[in-house]
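**Q** Before I ask anything, here is the structure I am working with.
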Amino acid sequence: MNKLSYALDTNISAWTTYLRQIDRVVPYLGDLARWADTLRHPKRALIVDIPVHMDDGKIHHFEGYRVQHNLSRGPGKGGIRYHPNVDLNEVMALSAWMTIKCAAMNLPFGGAKGGIRVDPFLLSEGELERLTRRYTSEISIIIGPQKDIPAPDVGTNSKIMAWIMDTYSMKQGATVTSIVTGKPIHLGGSLGREKATGRGVFITGREVAKRAGVKIQGSRLAVQGFGNVGNEATRLFVEAGASVIAIQDHSSTLFNERGIDVVALNDWQDKHRKIIGFKGAKQIDRDEFWDIHMDILIPAALEGQITLERAKKLNCKLILEGANGPTYPEADDILCQRDITVVPDVICNAGGVTVSYFEWVQDMASFFWSEDEINLRMDKIMIEAMLHIWNKAQENNCSLRTAAYIVACERILMARKDRGIYPG
Ligand code: NAD
């Protein structure tokens, strides 16, 4: 679905979008621009063949990937996606966005990402486990707690992380919990991880709203994607006094001028796994979602959603990118001209990787923190990162995305420059 939306809308790939984002930041990098090409080349990309015994007795071959985009600042960090449209181009882009995200947040990681081209919903649990274990075995030559630490992404979850941890541990002959993050709590997972990304969307959104003159209390909120990220972000905005007037998921678009009861919608979704059929709002056309008069928009579903055309007509003041890569570079320019503030994905949805970092630290120390402690530390890191980027944007008179890329690229390229090139 993600890949398709890129192809239909503007005919550019996710990796091309990333390269265009890098082109935009290079003029701000001064002498460090000399090293910028390092960002245009993934350090390492592994393509693996994964044969799996299917339940019907046949053997099916799946294609999997692990890309380490940049490791200048530390081990690679990034999720593993199971989706029918996964390909090398997409995984390269997602790994690069992880490099930028970890550096923008000043976490001691580089960027990586993995994926398998598969529809996980078509596999039995046994098939899914065999697929995951063979994939782990294939990529185990490049991952490790000090090398590259995977995590969940679209189509994967804590159960899959437990299989990865177990497979890697069996090969090592010892339990290595720090090989993945996003694990079940009883296997070394971190409290607060599940809600961290949605929470980060709220925290960064609240900080920017204050400075951009957008009042959350009484604001009109529209959300695309009511999954892990969209759900928690919506809950926190409602708690802060926003009114959710529209929600779109893969099944439907719901609208209620007086505000949607999200607790009731959650109950409905728990039973039906989608929002279609919910009675507390009227169903509207999917395209109408982009015409609604709103104050705050949270895209929390897919890449490539805010196209040039949608950017021209969007009627909102603030966009909080819960999803990775929801806005095309050309649409970004229009939003900037129209004075619509965008909190970019690399900061907005970085709550997840921040708590993943905490999980890795806790696993290494075998000492675990309370949820309050985790939320407190996460809020502090996110607020500081957001303020740093806000100030950088003011200094350079540029968008928050360009500012985040300036901050991140400076950190990555300083590391690259000071490490030098081996062998000399
Ligand atoms: P999820 O699978 O829990 O939820 C995805 C939601 O998007 C669902 O409500 C689904 O119905 C909806 N959706 C799917 N296709 C759609 C379409 N065509 N139109 C409208 N809605 C559609 O996924 P998630 O974990 O909430 O992730 C959402 C986005 O956030 C992804 O881009 C992901 O990469 C990004 N993200 C997630 C995390 C995390 O910690 N979960 C961290 C960083 C970034």
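Order determines the names: the first chain of the structure tokens is A, the second B, and so forth; residues in each chain are numbered 1 upward, and ligands are numbered 1 upward as they are shown.
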Can you pull out every residue within 12 Å of Val67 of chain A, counting only C-alpha atoms, but drop anything in the same chain fewer than 3 positions away, and send it as number ranges by chain?
**A** A: 41-48, 64, 70-71, 76-80, 87-99, 110-116, 139, 142-143, 148-150
**Q** Write out, as a short mmCIF file (atom, residue, chain, number, x, y, z; two decimals), in the first residue's frame, the residues just selected, with N, CA and C atoms.
**A**
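The result, stored in part.cif:
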data_model
loop_
_atom_site.label_atom_id
_atom_site.label_comp_id
_atom_site.auth_asym_id
_atom_site.auth_seq_id
_atom_site.Cartn_x
_atom_site.Cartn_y
_atom_site.Cartn_z
N HIS A 41 24.60 7.40 0.59
CA HIS A 41 24.96 6.00 0.33
C HIS A 41 24.74 5.17 1.58
N PRO A 42 23.84 4.18 1.54
CA PRO A 42 23.74 3.29 2.70
C PRO A 42 25.07 2.57 2.91
N LYS A 43 25.47 2.43 4.17
CA LYS A 43 26.75 1.78 4.45
C LYS A 43 26.73 0.32 4.00
N ARG A 44 25.61 -0.35 4.29
CA ARG A 44 25.57 -1.80 4.04
C ARG A 44 24.12 -2.21 3.79
N ALA A 45 23.91 -3.05 2.77
CA ALA A 45 22.54 -3.53 2.50
C ALA A 45 22.58 -5.03 2.23
N LEU A 46 21.82 -5.77 2.99
CA LEU A 46 21.83 -7.23 2.84
C LEU A 46 20.46 -7.69 2.32
N ILE A 47 20.48 -8.48 1.24
CA ILE A 47 19.23 -9.05 0.71
C ILE A 47 19.30 -10.54 1.00
N VAL A 48 18.26 -11.08 1.63
CA VAL A 48 18.32 -12.50 1.98
C VAL A 48 17.14 -13.27 1.41
N GLY A 64 13.90 -10.93 1.99
CA GLY A 64 14.05 -10.06 3.16
C GLY A 64 15.25 -9.14 3.01
N ASN A 70 23.71 4.22 8.22
CA ASN A 70 24.88 4.94 8.73
C ASN A 70 25.15 4.53 10.16
N LEU A 71 26.43 4.22 10.46
CA LEU A 71 26.77 3.76 11.81
C LEU A 71 27.83 4.67 12.44
N GLY A 76 23.44 0.50 14.66
CA GLY A 76 22.23 0.80 13.89
C GLY A 76 20.99 0.55 14.74
N LYS A 77 19.96 1.36 14.49
CA LYS A 77 18.69 1.15 15.21
C LYS A 77 17.57 1.32 14.20
N GLY A 78 16.61 0.43 14.22
CA GLY A 78 15.48 0.57 13.30
C GLY A 78 14.65 -0.69 13.24
N GLY A 79 13.40 -0.51 12.89
CA GLY A 79 12.42 -1.59 12.94
C GLY A 79 12.53 -2.59 11.81
N ILE A 80 11.65 -3.59 11.89
CA ILE A 80 11.52 -4.60 10.83
C ILE A 80 10.07 -4.58 10.38
N ASP A 87 10.32 -3.28 -0.35
CA ASP A 87 11.41 -3.57 -1.28
C ASP A 87 12.67 -2.83 -0.82
N LEU A 88 13.77 -3.04 -1.54
CA LEU A 88 15.04 -2.48 -1.09
C LEU A 88 14.98 -0.96 -1.02
N ASN A 89 14.33 -0.34 -2.02
CA ASN A 89 14.23 1.12 -2.06
C ASN A 89 13.56 1.66 -0.80
N GLU A 90 12.45 1.04 -0.43
CA GLU A 90 11.71 1.51 0.75
C GLU A 90 12.54 1.31 2.03
N VAL A 91 13.18 0.14 2.14
CA VAL A 91 13.96 -0.15 3.36
C VAL A 91 15.16 0.81 3.45
N MET A 92 15.75 1.13 2.30
CA MET A 92 16.86 2.11 2.31
C MET A 92 16.38 3.45 2.85
N ALA A 93 15.23 3.91 2.36
CA ALA A 93 14.71 5.21 2.81
C ALA A 93 14.39 5.17 4.30
N LEU A 94 13.73 4.10 4.73
CA LEU A 94 13.36 4.01 6.15
C LEU A 94 14.60 3.96 7.04
N SER A 95 15.67 3.28 6.55
CA SER A 95 16.91 3.22 7.35
C SER A 95 17.56 4.60 7.43
N ALA A 96 17.50 5.34 6.33
CA ALA A 96 18.10 6.68 6.31
C ALA A 96 17.34 7.62 7.25
N TRP A 97 16.01 7.52 7.25
CA TRP A 97 15.21 8.37 8.15
C TRP A 97 15.52 8.03 9.61
N MET A 98 15.90 6.75 9.87
CA MET A 98 16.31 6.39 11.24
C MET A 98 17.64 7.05 11.62
N THR A 99 18.55 7.14 10.63
CA THR A 99 19.83 7.83 10.90
C THR A 99 19.55 9.27 11.32
N GLY A 110 23.11 4.86 15.10
CA GLY A 110 23.00 5.14 13.67
C GLY A 110 21.63 4.68 13.21
N GLY A 111 21.45 4.60 11.88
CA GLY A 111 20.14 4.23 11.36
C GLY A 111 20.17 2.92 10.60
N ALA A 112 19.14 2.09 10.81
CA ALA A 112 19.02 0.82 10.10
C ALA A 112 17.54 0.51 9.92
N LYS A 113 17.23 -0.42 9.09
CA LYS A 113 15.84 -0.87 8.94
C LYS A 113 15.87 -2.21 8.24
N GLY A 114 14.82 -3.01 8.49
CA GLY A 114 14.73 -4.30 7.83
C GLY A 114 13.31 -4.55 7.37
N GLY A 115 13.14 -5.60 6.59
CA GLY A 115 11.79 -5.91 6.17
C GLY A 115 11.74 -7.20 5.38
N ILE A 116 10.53 -7.74 5.30
CA ILE A 116 10.29 -8.91 4.45
C ILE A 116 9.08 -8.59 3.58
N ILE A 139 20.09 -12.70 8.89
CA ILE A 139 20.65 -11.35 9.12
C ILE A 139 21.55 -11.32 10.36
N ILE A 142 24.98 -9.65 10.58
CA ILE A 142 25.27 -8.20 10.70
C ILE A 142 24.61 -7.53 11.91
N ILE A 143 23.67 -8.20 12.59
CA ILE A 143 23.04 -7.54 13.74
C ILE A 143 23.74 -7.94 15.05
N ASP A 148 23.73 -3.54 15.60
CA ASP A 148 22.48 -3.15 14.95
C ASP A 148 21.34 -3.81 15.73
N ILE A 149 20.42 -3.00 16.23
CA ILE A 149 19.38 -3.50 17.14
C ILE A 149 18.00 -3.30 16.51
N PRO A 150 17.37 -4.37 16.00
CA PRO A 150 16.05 -4.23 15.39
C PRO A 150 14.94 -3.94 16.41
#
**Q** Please write out the residues within 7 Å of ligand 1 as a PyMOL selection string, counting only C-alpha atoms and all ligand atoms.
**A** chain A and resi 1+153-155+194+196-197+224-230+248-251+274+300-303+322-324+349-350+352-353
**Q** Residues at most 12 Å from Arg310 of chain A, counting only C-alpha atoms, excluding those fewer than 2 positions away in the same chain, as a list in words?
**A**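 Once the adjacent positions are removed, what remains is Asp9, Asp287, Glu288, Phe289, Trp290, Asp291, Ile292, Gly304, Gln305, Ile306, Thr307, Leu308, Lys312, Lys313, Leu314, Asn315, Cys316, Pro326, Thr327, Tyr328, Glu330, Ala331, Asp332, Ile334 and Leu335 of chain A.
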**Q** Convert the current residue selection to file output with C-alpha atoms, as a CSV table (one decimal), in the first residue's frame.
**A**
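Saved file part17.csv follows:
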chain,number,residue,atom,x,y,z
A,9,ASP,CA,0.7,10.2,-6.5
A,287,ASP,CA,-11.1,12.4,-0.2
A,288,GLU,CA,-13.3,14.7,1.8
A,289,PHE,CA,-11.0,14.2,4.8
A,290,TRP,CA,-8.5,16.6,3.2
A,291,ASP,CA,-11.1,19.4,2.8
A,292,ILE,CA,-12.3,19.5,6.4
A,304,GLY,CA,3.2,9.7,0.9
A,305,GLN,CA,-0.2,11.0,2.1
A,306,ILE,CA,0.3,14.8,1.8
A,307,THR,CA,0.6,15.4,-1.9
A,308,LEU,CA,1.0,18.7,-3.6
A,312,LYS,CA,-2.7,23.4,-1.6
A,313,LYS,CA,-6.2,22.9,-0.1
A,314,LEU,CA,-5.5,21.7,3.5
A,315,ASN,CA,-7.4,23.9,5.9
A,316,CYS,CA,-5.3,23.6,9.1
A,326,PRO,CA,3.8,11.3,5.1
A,327,THR,CA,4.7,14.5,3.3
A,328,TYR,CA,6.3,14.9,-0.2
A,330,GLU,CA,7.1,19.6,-3.0
A,331,ALA,CA,4.1,19.6,-0.6
A,332,ASP,CA,6.4,20.8,2.2
A,334,ILE,CA,3.5,24.7,-0.3
A,335,LEU,CA,2.8,24.2,3.4
**Q** Could I get the residues of segment 316-365 of chain A with an atom no further than 10 Å from an atom of segment 179-193 of chain A, each paired with its nearest atom pair and that distance in Å to one decimal, using only C-alpha atoms, sorted by chain and residue number, as a tab-separated table?
**A**
residue	atom	partner	partner_atom	distance
A:Gly351	CA	A:Arg193	CA	8.4
A:Gly352	CA	A:Arg193	CA	6.4
A:Val353	CA	A:Arg193	CA	8.7
A:Thr354	CA	A:Arg193	CA	8.8
A:Val355	CA	A:Arg193	CA	5.6
A:Ser356	CA	A:Thr181	CA	5.5
A:Tyr357	CA	A:Thr181	CA	8.0
A:Phe358	CA	A:Ser190	CA	7.4
A:Glu359	CA	A:Ser190	CA	5.0
A:Trp360	CA	A:Thr181	CA	6.5
A:Val361	CA	A:Ser190	CA	9.9
A:Gln362	CA	A:Ser190	CA	7.8
A:Asp363	CA	A:Gly188	CA	6.1
A:Met364	CA	A:Ile179	CA	9.8
**Q** Let me make sure I understand: among A:Ala162, A:Asn106, A:Ala222, A:Val118, which one has the smallest atom-to-atom distance to His388 of chain A if we use only C-alpha atoms?
**A**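 Nearest candidate to His388 of chain A out of A:Ala162, A:Asn106, A:Ala222, A:Val118: A:Asn106.
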**Q** Quick check for you: according to DSSP on this backbone, which residues of segment 78-192 of chain A are classed as alpha helix (DSSP H)? Reply as a PyMOL selection string.
**A** chain A and resi 88-104+125-139+158-172
**Q** Go through A:Thr253, A:Gln337, A:Ser140, A:Thr132 one by one, measure the shortest atom-to-atom distance of each to Lys282 of chain A using only C-alpha atoms, and give the residue with the smallest value.
**A**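 Among the listed residues, the smallest separation from Lys282 of chain A belongs to A:Thr253.
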**Q** Residues within 8 Å of segment 260-265 of chain A, please, as number ranges by chain. Count only C-alpha atoms; anything in the same chain fewer than 3 positions from it doesn't count.
**A** A: 234-235, 243-246, 255-256, 268-269, 275, 278, 280-281
**Q** Quick one: residues within 12 Å of Arg206 of chain A, only C-alpha atoms counted, chain neighbours fewer than 2 positions away excluded, as a ChimeraX atom specification?
**A** /A:199-204,208-217,219,233,236-237,240-242,296,318-320,343,348,379,382-383,386-387
**Q** Residues of the last selection are to be written out with N, CA and C atoms, as a short mmCIF file (atom, residue, chain, number, x, y, z; two decimals), in the first residue's frame.
**A**
data_model
loop_
_atom_site.label_atom_id
_atom_site.label_comp_id
_atom_site.auth_asym_id
_atom_site.auth_seq_id
_atom_site.Cartn_x
_atom_site.Cartn_y
_atom_site.Cartn_z
N ARG A 199 2.62 9.26 22.55
CA ARG A 199 2.91 10.24 23.60
C ARG A 199 3.86 11.33 23.07
N GLY A 200 4.87 10.88 22.31
CA GLY A 200 5.84 11.83 21.74
C GLY A 200 5.17 12.78 20.75
N VAL A 201 4.21 12.28 19.98
CA VAL A 201 3.48 13.14 19.04
C VAL A 201 2.78 14.24 19.84
N PHE A 202 2.18 13.87 20.96
CA PHE A 202 1.49 14.86 21.77
C PHE A 202 2.47 15.86 22.39
N ILE A 203 3.56 15.35 22.96
CA ILE A 203 4.52 16.24 23.65
C ILE A 203 5.13 17.26 22.67
N THR A 204 5.61 16.75 21.51
CA THR A 204 6.23 17.68 20.55
C THR A 204 5.15 18.62 19.99
N VAL A 208 5.21 22.78 20.20
CA VAL A 208 5.19 23.62 19.01
C VAL A 208 3.92 24.47 18.98
N ALA A 209 2.79 23.88 19.38
CA ALA A 209 1.52 24.62 19.38
C ALA A 209 1.66 25.90 20.22
N LYS A 210 2.30 25.77 21.39
CA LYS A 210 2.51 26.94 22.27
C LYS A 210 3.22 28.05 21.52
N ARG A 211 4.27 27.67 20.79
CA ARG A 211 5.11 28.66 20.13
C ARG A 211 4.52 29.16 18.81
N ALA A 212 3.69 28.33 18.17
CA ALA A 212 3.11 28.72 16.88
C ALA A 212 1.75 29.42 17.08
N GLY A 213 1.36 29.60 18.34
CA GLY A 213 0.11 30.31 18.62
C GLY A 213 -1.14 29.49 18.33
N VAL A 214 -1.03 28.16 18.44
CA VAL A 214 -2.22 27.31 18.24
C VAL A 214 -2.67 26.82 19.62
N LYS A 215 -3.94 27.11 19.94
CA LYS A 215 -4.45 26.70 21.25
C LYS A 215 -5.00 25.28 21.16
N ILE A 216 -4.55 24.38 22.03
CA ILE A 216 -5.05 23.00 21.96
C ILE A 216 -6.46 22.91 22.53
N GLN A 217 -6.68 23.58 23.65
CA GLN A 217 -8.01 23.59 24.27
C GLN A 217 -9.03 24.12 23.25
N SER A 219 -9.47 23.07 20.23
CA SER A 219 -9.05 22.98 18.82
C SER A 219 -9.76 21.82 18.11
N ALA A 233 -2.00 9.26 20.63
CA ALA A 233 -1.89 10.71 20.42
C ALA A 233 -3.28 11.35 20.56
N LEU A 236 -4.43 11.66 24.21
CA LEU A 236 -3.79 12.74 24.98
C LEU A 236 -4.28 14.12 24.54
N PHE A 237 -4.54 14.29 23.25
CA PHE A 237 -5.06 15.58 22.79
C PHE A 237 -6.47 15.81 23.33
N ALA A 240 -6.32 16.95 26.72
CA ALA A 240 -5.88 18.34 26.82
C ALA A 240 -6.93 19.32 26.28
N GLY A 241 -8.11 18.79 25.91
CA GLY A 241 -9.21 19.68 25.55
C GLY A 241 -9.49 19.83 24.07
N ALA A 242 -8.80 19.04 23.21
CA ALA A 242 -9.08 19.12 21.77
C ALA A 242 -10.35 18.34 21.45
N ILE A 296 -5.63 21.12 13.80
CA ILE A 296 -4.46 20.23 13.89
C ILE A 296 -4.74 18.95 13.11
N LEU A 318 -1.58 23.33 11.96
CA LEU A 318 -0.46 22.55 12.49
C LEU A 318 -0.59 21.10 12.02
N ILE A 319 0.53 20.54 11.51
CA ILE A 319 0.54 19.12 11.11
C ILE A 319 1.57 18.39 11.96
N LEU A 320 1.15 17.31 12.60
CA LEU A 320 2.05 16.53 13.46
C LEU A 320 2.26 15.18 12.80
N VAL A 343 5.40 19.63 12.18
CA VAL A 343 6.38 19.02 13.08
C VAL A 343 6.81 17.72 12.39
N CYS A 348 8.77 14.25 15.59
CA CYS A 348 7.41 14.04 16.09
C CYS A 348 7.15 12.59 16.54
N ASP A 379 9.92 12.63 28.18
CA ASP A 379 9.38 13.98 27.97
C ASP A 379 10.53 15.00 27.94
N MET A 382 12.52 14.75 24.71
CA MET A 382 11.76 15.21 23.54
C MET A 382 11.59 16.73 23.56
N ILE A 383 11.35 17.27 24.74
CA ILE A 383 11.16 18.73 24.82
C ILE A 383 12.47 19.44 24.48
N MET A 386 13.09 19.20 20.74
CA MET A 386 12.15 20.05 20.01
C MET A 386 12.56 21.52 20.11
N LEU A 387 12.94 21.94 21.31
CA LEU A 387 13.33 23.35 21.50
C LEU A 387 14.59 23.68 20.69
#
**Q** Within 9 Å of Gly126 of chain A, counting only C-alpha atoms, which residues qualify if same-chain residues fewer than 4 places away don't, as a list in words?
**A**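 Near Gly126 of chain A, the qualifying residues are Met54, Asp55, Arg130 and Leu131 of chain A.
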**Q** Please save all heavy atoms of the selected residues as a short mmCIF file (atom, residue, chain, number, x, y, z; two decimals), in the first residue's frame.
**A**
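That gives us result_4.cif:
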data_model
loop_
_atom_site.label_atom_id
_atom_site.label_comp_id
_atom_site.auth_asym_id
_atom_site.auth_seq_id
_atom_site.Cartn_x
_atom_site.Cartn_y
_atom_site.Cartn_z
N MET A 54 5.72 -24.28 4.33
CA MET A 54 4.36 -23.78 4.56
C MET A 54 3.50 -24.93 5.11
O MET A 54 3.85 -26.11 4.97
CB MET A 54 3.76 -23.23 3.27
CG MET A 54 4.62 -22.16 2.60
SD MET A 54 5.01 -20.74 3.66
CE MET A 54 3.49 -19.79 3.52
N ASP A 55 2.36 -24.57 5.69
CA ASP A 55 1.50 -25.58 6.31
C ASP A 55 0.98 -26.59 5.29
O ASP A 55 0.66 -27.73 5.64
CB ASP A 55 0.31 -24.90 7.01
CG ASP A 55 0.76 -24.10 8.23
OD1 ASP A 55 1.93 -24.26 8.64
OD2 ASP A 55 -0.04 -23.30 8.76
N ARG A 130 8.34 -19.51 11.70
CA ARG A 130 9.43 -20.09 10.90
C ARG A 130 10.07 -19.04 10.01
O ARG A 130 11.29 -18.97 9.85
CB ARG A 130 8.91 -21.27 10.07
CG ARG A 130 8.47 -22.47 10.93
CD ARG A 130 8.27 -23.73 10.11
NE ARG A 130 7.09 -23.72 9.26
CZ ARG A 130 5.83 -23.95 9.67
NH1 ARG A 130 5.59 -24.19 10.96
NH2 ARG A 130 4.82 -23.95 8.83
N LEU A 131 9.23 -18.15 9.42
CA LEU A 131 9.72 -17.06 8.58
C LEU A 131 10.65 -16.15 9.40
O LEU A 131 11.76 -15.80 8.97
CB LEU A 131 8.53 -16.25 8.06
CG LEU A 131 8.85 -15.00 7.26
CD1 LEU A 131 9.21 -15.36 5.81
CD2 LEU A 131 7.67 -14.02 7.25
#
**Q** Looking at A:Leu400, A:Pro27, A:Leu39, A:Asp267, which one is nearest to Trp15 of chain A, with distances taken over only C-alpha atoms?
**A**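 The shortest atom-to-atom distance to Trp15 of chain A comes from A:Leu39.
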**Q** Just how far from atom CA of Ala311 of chain A is atom CA of Ser13 of chain A, in Å to one decimal?
**A** 18.7 Å
**Q** Excluding Arg419 of chain A and any residue of its chain fewer than 6 positions from it, enumerate the residues within 10 Å of it, using only C-alpha atoms, and give them as an NGL selection string.
**A** :A and (72-73 or 413)
**Q** Mind dumping the selected residues with N, CA and C atoms as a CSV table (one decimal), in the first residue's frame?
**A**
chain,number,residue,atom,x,y,z
A,72,SER,N,27.9,5.9,11.9
A,72,SER,CA,29.0,6.8,12.4
A,72,SER,C,28.9,7.1,13.9
A,73,ARG,N,27.6,7.2,14.4
A,73,ARG,CA,27.4,7.6,15.8
A,73,ARG,C,27.1,6.5,16.8
A,413,LEU,N,27.7,14.2,10.4
A,413,LEU,CA,28.9,14.5,9.6
A,413,LEU,C,30.1,14.9,10.4
**Q** Hey, can you check how far atom CA of Arg377 of chain A sits from atom CA of Ala151 of chain A?
**A**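 These two atoms are separated by 20.2 Å.
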**Q** How many Å lie between atom CA of Ile59 of chain A and atom CA of Arg134 of chain A, rounded to one decimal?
**A**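 Going from atom CA of Ile59 of chain A over to atom CA of Arg134 of chain A covers 13.0 Å.
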